[in-house]
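Shown next: structure03.txt, containing compact mmCIF, C-alpha atoms.
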# COMPACT_ATOMS: atom_id res chain seq x y z
CA MET A 269 156.80 -266.73 -86.67
CA ILE A 270 157.13 -270.44 -86.14
CA THR A 271 153.99 -272.48 -85.95
CA THR A 272 154.21 -276.10 -85.06
CA THR A 273 152.06 -278.68 -83.38
CA ASN A 274 152.96 -281.61 -81.22
CA LYS A 275 152.30 -285.26 -82.00
CA THR A 276 148.57 -285.02 -81.24
CA GLY A 277 148.25 -281.73 -83.15
CA LYS A 278 146.74 -280.02 -80.16
CA LEU A 279 149.51 -277.93 -78.71
CA LEU A 280 150.43 -274.97 -80.89
CA VAL A 281 153.78 -273.28 -80.33
CA THR A 282 154.40 -269.84 -81.82
CA THR A 283 156.98 -267.06 -81.48
CA PRO A 284 155.13 -263.72 -81.24
CA SER A 285 158.38 -261.77 -80.78
CA ASP A 286 162.08 -262.54 -80.55
CA ARG A 287 161.95 -262.91 -76.76
CA GLU A 288 158.74 -264.91 -76.51
CA ILE A 289 157.29 -268.36 -76.90
CA ALA A 290 153.53 -268.85 -76.89
CA MET A 291 151.72 -272.12 -76.32
CA THR A 292 148.11 -272.34 -77.41
CA ARG A 293 145.73 -275.15 -76.62
CA VAL A 294 141.93 -275.48 -76.87
CA PHE A 295 140.03 -277.10 -74.01
CA ASP A 296 136.49 -278.36 -74.24
CA ALA A 297 135.28 -276.45 -71.17
CA PRO A 298 134.19 -272.93 -70.21
CA ARG A 299 136.98 -270.55 -69.23
CA SER A 300 135.82 -270.08 -65.63
CA MET A 301 136.46 -273.80 -65.20
CA VAL A 302 139.87 -273.64 -66.88
CA PHE A 303 140.74 -270.59 -64.78
CA ASP A 304 139.90 -272.53 -61.60
CA ALA A 305 142.02 -275.46 -62.79
CA LEU A 306 144.95 -273.06 -63.28
CA THR A 307 144.69 -271.26 -59.95
CA LYS A 308 143.22 -273.52 -57.23
CA PRO A 309 145.82 -275.75 -55.57
CA GLU A 310 143.42 -278.67 -55.07
CA LEU A 311 142.78 -278.63 -58.85
CA ILE A 312 146.35 -277.75 -59.95
CA LYS A 313 147.58 -280.83 -58.09
CA ARG A 314 145.40 -283.01 -60.26
CA TRP A 315 147.00 -282.10 -63.58
CA LEU A 316 150.13 -279.92 -63.43
CA GLY A 317 153.23 -282.07 -63.49
CA ALA A 318 151.50 -284.93 -61.71
CA PHE A 319 152.20 -287.73 -64.18
CA GLY A 320 154.87 -290.19 -65.21
CA GLY A 321 155.72 -291.00 -61.62
CA TRP A 322 155.93 -287.32 -60.62
CA SER A 323 153.89 -286.11 -57.69
CA PHE A 324 153.39 -282.83 -55.87
CA VAL A 325 155.29 -282.21 -52.68
CA VAL A 326 154.36 -278.52 -52.39
CA CYS A 327 151.53 -276.70 -54.16
CA GLU A 328 150.89 -273.25 -52.74
CA VAL A 329 149.02 -270.39 -54.39
CA ASP A 330 148.42 -266.93 -52.99
CA LEU A 331 146.17 -265.66 -55.76
CA LYS A 332 146.48 -261.91 -55.47
CA VAL A 333 148.65 -259.30 -57.15
CA GLY A 334 152.06 -259.56 -55.45
CA GLY A 335 151.16 -262.98 -54.06
CA ALA A 336 153.48 -265.95 -54.62
CA TYR A 337 153.01 -269.45 -55.97
CA ARG A 338 155.32 -272.35 -55.34
CA TYR A 339 155.30 -275.83 -56.87
CA GLU A 340 157.61 -278.69 -55.95
CA TRP A 341 157.50 -282.15 -57.47
CA ARG A 342 159.27 -285.39 -56.78
CA GLY A 343 159.91 -288.05 -59.41
CA ALA A 344 159.52 -291.81 -59.07
CA SER A 345 163.23 -292.25 -58.28
CA GLY A 346 163.43 -289.26 -55.93
CA GLU A 347 164.49 -286.56 -58.41
CA LYS A 348 163.24 -283.07 -57.63
CA LEU A 349 161.80 -280.27 -59.75
CA ALA A 350 160.73 -276.98 -58.23
CA MET A 351 159.51 -273.63 -59.51
CA GLY A 352 157.65 -270.57 -58.39
CA GLY A 353 156.96 -266.92 -58.97
CA ILE A 354 154.83 -263.87 -58.19
CA TYR A 355 151.42 -262.91 -59.58
CA ARG A 356 151.57 -259.55 -61.35
CA GLU A 357 148.03 -259.32 -62.74
CA ILE A 358 144.86 -261.30 -62.16
CA VAL A 359 141.68 -260.73 -64.16
CA ARG A 360 139.34 -263.60 -63.46
CA PRO A 361 138.55 -265.58 -65.62
CA GLU A 362 140.47 -264.15 -68.56
CA ARG A 363 144.02 -263.17 -67.75
CA ILE A 364 146.87 -264.01 -65.37
CA VAL A 365 150.37 -262.53 -65.50
CA TYR A 366 153.08 -264.04 -63.31
CA THR A 367 156.82 -264.55 -63.10
CA GLU A 368 158.31 -268.01 -63.52
CA LYS A 369 161.60 -269.41 -62.30
CA PHE A 370 162.82 -272.96 -61.88
CA ASP A 371 165.08 -273.66 -58.90
CA GLU A 372 167.69 -275.29 -61.13
CA SER A 373 167.03 -273.09 -64.12
CA TRP A 374 169.15 -273.49 -67.23
CA TYR A 375 168.09 -270.09 -68.58
CA ALA A 376 169.06 -266.71 -67.17
CA GLY A 377 166.73 -264.66 -65.00
CA ASP A 378 162.98 -264.84 -64.45
CA ALA A 379 160.56 -265.44 -67.28
CA LEU A 380 157.29 -263.50 -67.39
CA ASP A 381 154.22 -265.57 -68.28
CA THR A 382 150.97 -264.11 -69.59
CA THR A 383 148.05 -266.52 -69.66
CA ILE A 384 144.96 -265.53 -71.63
CA LEU A 385 141.71 -267.49 -71.67
CA GLU A 386 139.23 -266.89 -74.49
CA GLU A 387 135.88 -268.64 -74.59
CA LYS A 388 133.84 -269.44 -77.68
CA ASN A 389 130.88 -271.83 -77.83
CA GLY A 390 131.78 -273.30 -74.46
CA ARG A 391 135.37 -274.04 -75.51
CA THR A 392 138.37 -272.22 -74.10
CA THR A 393 141.50 -271.24 -75.96
CA LEU A 394 144.33 -271.06 -73.48
CA THR A 395 147.38 -269.11 -74.58
CA THR A 396 150.42 -268.87 -72.36
CA THR A 397 153.09 -266.51 -73.59
CA VAL A 398 156.44 -266.81 -71.88
CA ARG A 399 158.75 -263.81 -72.20
CA TYR A 400 162.41 -264.53 -71.53
CA GLU A 401 165.12 -262.07 -70.59
CA SER A 402 166.78 -262.09 -73.98
CA LYS A 403 166.51 -263.45 -77.49
CA GLU A 404 169.41 -265.81 -76.72
CA VAL A 405 167.56 -267.36 -73.80
CA ARG A 406 164.35 -267.66 -75.83
CA ASP A 407 166.26 -269.26 -78.71
CA ALA A 408 167.82 -271.80 -76.41
CA VAL A 409 164.36 -272.78 -75.20
CA LEU A 410 163.06 -272.90 -78.78
CA LYS A 411 165.73 -275.35 -79.83
CA SER A 412 164.10 -277.85 -77.54
CA PRO A 413 162.26 -280.81 -79.02
CA MET A 414 158.99 -279.29 -77.79
CA GLU A 415 159.13 -276.84 -80.69
CA GLY A 416 159.14 -279.68 -83.19
CA GLY A 417 161.55 -278.00 -85.60
CA VAL A 418 164.38 -280.27 -84.61
CA SER A 419 165.72 -282.64 -87.22
CA LYS A 420 164.76 -286.29 -87.11
CA GLY A 421 168.40 -287.20 -86.80
CA PHE A 422 168.64 -285.20 -83.64
CA ASP A 423 165.45 -286.69 -82.23
CA LYS A 424 166.98 -290.11 -82.77
CA LEU A 425 170.19 -288.97 -81.18
CA ALA A 426 168.32 -287.67 -78.15
CA GLU A 427 166.59 -291.03 -77.81
CA LEU A 428 169.86 -292.86 -78.10
CA LEU A 429 171.51 -290.62 -75.54
CA ALA A 430 168.58 -290.87 -73.19
CA SER A 431 168.77 -294.67 -73.25
CA ARG A 432 172.53 -294.55 -72.81
CA MET A 433 172.21 -292.16 -69.93
CA GLU A 434 169.77 -294.45 -68.18
CA GLY A 435 172.31 -297.22 -68.54
CA ILE A 436 175.00 -295.06 -66.97
CA GLU A 437 173.11 -293.35 -64.20
CA LYS A 438 170.61 -295.93 -63.03
CA MET B 75 175.83 -278.88 -64.76
CA SER B 76 176.38 -275.11 -64.62
CA PRO B 77 174.02 -272.78 -66.52
CA ARG B 78 177.01 -271.37 -68.43
CA HIS B 79 177.90 -274.84 -69.68
CA LEU B 80 174.30 -275.44 -70.73
CA ASP B 81 174.29 -272.14 -72.63
CA ALA B 82 177.27 -273.35 -74.66
CA THR B 83 175.53 -276.65 -75.29
CA PHE B 84 172.32 -275.03 -76.49
CA ALA B 85 174.19 -272.50 -78.63
CA ALA B 86 176.09 -275.36 -80.24
CA LEU B 87 172.84 -277.24 -80.87
CA ALA B 88 171.17 -274.21 -82.47
CA ASP B 89 172.62 -275.03 -85.88
CA PRO B 90 171.20 -277.84 -88.08
CA THR B 91 174.62 -278.74 -89.54
CA ARG B 92 176.06 -279.15 -86.06
CA ARG B 93 173.12 -281.34 -85.04
CA ALA B 94 173.67 -283.45 -88.15
CA ILE B 95 177.38 -283.77 -87.28
CA LEU B 96 176.45 -284.97 -83.81
CA ALA B 97 173.95 -287.44 -85.26
CA ARG B 98 176.70 -288.79 -87.53
CA LEU B 99 179.18 -289.06 -84.64
CA ALA B 100 176.57 -290.91 -82.58
CA SER B 101 177.11 -293.88 -84.90
CA GLY B 102 180.90 -293.77 -84.48
CA GLN B 103 183.95 -291.50 -84.69
CA ALA B 104 184.84 -289.88 -88.00
CA SER B 105 187.53 -287.68 -89.56
CA VAL B 106 186.84 -284.13 -90.76
CA ARG B 107 186.92 -285.38 -94.35
CA GLU B 108 184.40 -288.12 -93.60
CA LEU B 109 182.18 -285.63 -91.82
CA ALA B 110 182.33 -283.16 -94.71
CA GLU B 111 181.25 -285.75 -97.31
CA PRO B 112 177.48 -285.89 -96.70
CA PHE B 113 177.25 -282.08 -96.55
CA SER B 114 177.83 -279.81 -99.50
CA MET B 115 180.38 -277.95 -97.40
CA SER B 116 184.11 -277.49 -97.48
CA GLN B 117 186.34 -279.10 -94.86
CA PRO B 118 187.24 -275.68 -93.37
CA ALA B 119 183.52 -274.91 -92.98
CA ILE B 120 182.99 -278.23 -91.20
CA SER B 121 186.06 -277.54 -89.06
CA LYS B 122 184.48 -274.28 -87.90
CA HIS B 123 181.37 -276.13 -86.75
CA LEU B 124 183.54 -278.74 -85.07
CA LYS B 125 185.34 -276.00 -83.12
CA VAL B 126 182.01 -274.77 -81.73
CA LEU B 127 181.08 -278.33 -80.77
CA GLU B 128 184.50 -278.90 -79.17
CA ARG B 129 184.26 -275.69 -77.14
CA ALA B 130 180.85 -276.84 -75.87
CA GLY B 131 182.46 -280.14 -74.85
CA LEU B 132 180.20 -282.10 -77.19
CA VAL B 133 182.97 -283.39 -79.43
CA SER B 134 186.55 -284.47 -78.70
CA ARG B 135 189.51 -285.59 -80.80
CA GLY B 136 190.74 -289.16 -81.01
CA ARG B 137 194.37 -290.24 -80.59
CA ASP B 138 195.16 -291.09 -84.23
CA ALA B 139 197.43 -288.18 -85.25
CA GLN B 140 196.86 -288.72 -88.99
CA ARG B 141 193.07 -288.84 -89.15
CA ARG B 142 192.36 -286.85 -86.02
CA PRO B 143 188.97 -288.51 -85.73
CA ARG B 144 186.28 -286.62 -83.87
CA ARG B 145 184.04 -288.42 -81.46
CA LEU B 146 180.89 -287.60 -79.60
CA GLU B 147 181.04 -286.71 -75.92
CA ALA B 148 177.65 -287.94 -74.86
CA LYS B 149 177.38 -286.61 -71.33
CA PRO B 150 176.83 -282.84 -71.83
CA LEU B 151 174.36 -283.49 -74.59
CA ALA B 152 172.52 -286.06 -72.51
CA GLU B 153 172.25 -283.55 -69.68
CA ALA B 154 170.88 -280.87 -72.00
CA THR B 155 168.45 -283.12 -73.85
CA GLU B 156 167.23 -284.60 -70.58
CA TRP B 157 166.13 -281.15 -69.47
CA LEU B 158 164.48 -280.35 -72.80
CA GLU B 159 162.72 -283.68 -73.07
CA ARG B 160 161.41 -283.19 -69.58
CA TYR B 161 160.08 -279.74 -70.54
CA ARG B 162 158.26 -280.96 -73.64
CA GLU B 163 156.82 -284.01 -71.94
CA PHE B 164 155.81 -281.78 -69.08
CA TRP B 165 153.45 -279.67 -71.21
CA GLU B 166 152.12 -282.44 -73.39
CA GLY B 167 151.34 -284.53 -70.38
CA ASN B 168 149.98 -281.59 -68.40
CA TYR B 169 147.42 -280.58 -70.97
CA GLU B 170 146.20 -284.13 -71.42
CA ARG B 171 145.71 -284.34 -67.67
CA LEU B 172 143.92 -280.99 -67.70
CA ASP B 173 141.53 -282.30 -70.40
CA ALA B 174 140.66 -285.21 -68.16
CA LEU B 175 140.21 -282.98 -65.10
CA LEU B 176 137.91 -280.59 -67.01
CA GLU B 177 135.76 -283.55 -68.07
CA VAL B 178 135.40 -284.54 -64.43
CA MET B 179 134.59 -280.93 -63.45
CA LYS B 180 131.94 -280.68 -66.20
CA GLY B 181 130.47 -283.97 -65.07
CA THR B 182 130.00 -282.76 -61.52
CA LYS B 183 128.47 -279.45 -62.67
CA ARG B 184 126.14 -280.76 -65.34
CA PRO B 185 123.28 -282.09 -63.20
CA ARG B 186 122.85 -278.66 -61.57
CA LYS B 187 123.01 -276.82 -64.91
CA ARG B 188 120.40 -279.02 -66.49
CA GLY B 189 117.89 -278.02 -63.85
CA LYS B 190 118.45 -274.33 -64.57
CA LYS B 191 116.42 -272.22 -66.97
CA LYS B 192 118.35 -270.65 -69.86

I'd like the structure from this file rewritten - as C-alpha cells, please.
Amino acid sequence: MITTTNKTGKLLVTTPSDREIAMTRVFDAPRSMVFDALTKPELIKRWLGAFGGWSFVVCEVDLKVGGAYRYEWRGASGEKLAMGGIYREIVRPERIVYTEKFDESWYAGDALDTTILEEKNGRTTLTTTVRYESKEVRDAVLKSPMEGGVSKGFDKLAELLASRMEGIEK
Amino acid sequence: MSPRHLDATFAALADPTRRAILARLASGQASVRELAEPFSMSQPAISKHLKVLERAGLVSRGRDAQRRPRRLEAKPLAEATEWLERYREFWEGNYERLDALLEVMKGTKRPRKRGKKK
C-alpha cells in the first residue's frame, strides 16, 4: 500500500492491489451534484481537462450500461489528446464502472475504472480505482510523478528535460 | 514513440539507483567509476544498471576509449516524462476545476433549498 498526497494534500493515491491505482479526493458538495458533474457533458466540459490552454473538441456521453463516452481535447498549440470507453455499471449517484483507453496510449490494453461516491455531512469522497491489465502496466503508471514517490533528483531532471524539450521542439 | 519503447523507458526508470544515475548524467557525462562513487555499490553493479539504461536508449557511450564516459540521451526520457507530467497535471488541475464548478452548482441551488422545509 502506498499512500501519498499531492502538493495541496488533497489528492490521495493508493494501491489497493498490484494491478490497481486508486485516487481519492473529498469535494465539498453532495454526491448527486458530483455525480452530475462526472456524467453530464455540459458539466464535464467545465472541469475535465479544460485548463492550461486545453479545450474540449468532443464530449459525448451515452450514460447507460453498454453506452460509450468519448472525450477529445486540443491544446493551445494544437496538440491532441483523446480517450473514451464503455459504461459497464451505473448506480446513480454512488457508483460508475467504465473502461478507459487513450488513443495514443502508452500502456497495454484497456483500463477498467470504478468510481465510487460516498457522502457524509454534505461532503463527497470520490474514489476512482483504475485497474490495469497487468502489474507491469500498473507499475509503469505508478512510477509517474503523480504518485509522489519519485526522488527529488528525478523531479529536477524532469523539469530540466521539459525545459530542454521546449527549446528543441518549439 | 512506440508503446514498446515507452515500456523499456518506464521499466528503466522504475529503479531509484537508475534514476539517480540519470540525474547525475544530466549535469554532464561521467565514467562508470565516477558514477559508482556516490553510491555504495560496486562498479559491476553500476554497470548492470547502465546496461538497462542503455537498452532503453536513455544512456549512450562517449568516444573516449579509455574512460568510456556515459552520457544522457535526453529525448526518450523527455518523451516519457512529458506524458507522465501531463497525466499528473491533468488530475490535479481537473479536481481543482471540479471544486470550482461544484461551488457554482451549490450557489445556483441554494436559494431554492433555503425556501424548503427540512

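Coordinates place CA of Lys183 (chain B) at a distance of 19.2 Å from CA of Arg360 (chain A).
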
For each of A:Leu385, A:Phe303, A:Pro298, A:Trp315, take the minimum atom-to-atom distance to Asp173 (chain B), counting all atoms listed in the file, then give the residue where this is smallest.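 The shortest atom-to-atom distance to Asp173 (chain B) comes from A:Trp315.
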
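Distances to chain A were evaluated for B:Ala130, B:Ile120, B:Val178, B:Ala152 using all atoms listed in the file, and the minimum falls at B:Ala152.
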
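When CA of Ile289 (chain A) is paired with CA of Met179 (chain B), their separation reads 29.2 Å.
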
Could you tell me which of B:Pro112, B:Pro90, B:Pro143, B:Gly136 comes closest to chain A if we count all atoms listed in the file? B:Pro90

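Separating CA of Glu288 (chain A) from CA of Thr397 (chain A) is a distance of 6.6 Å.
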
Name the residues in contact with Val126 (chain B) at a cut-off of 10 Å, using only C-alpha atoms, excluding same-chain residues fewer than 2 positions from it; report them as number ranges by chain. B: 82-83, 85-87, 92, 121-124, 128-133

Option closest in space to chain A, from B:Gln117, B:Asn168, B:Gln103, B:Gln140 [counting only C-alpha atoms]: B:Asn168
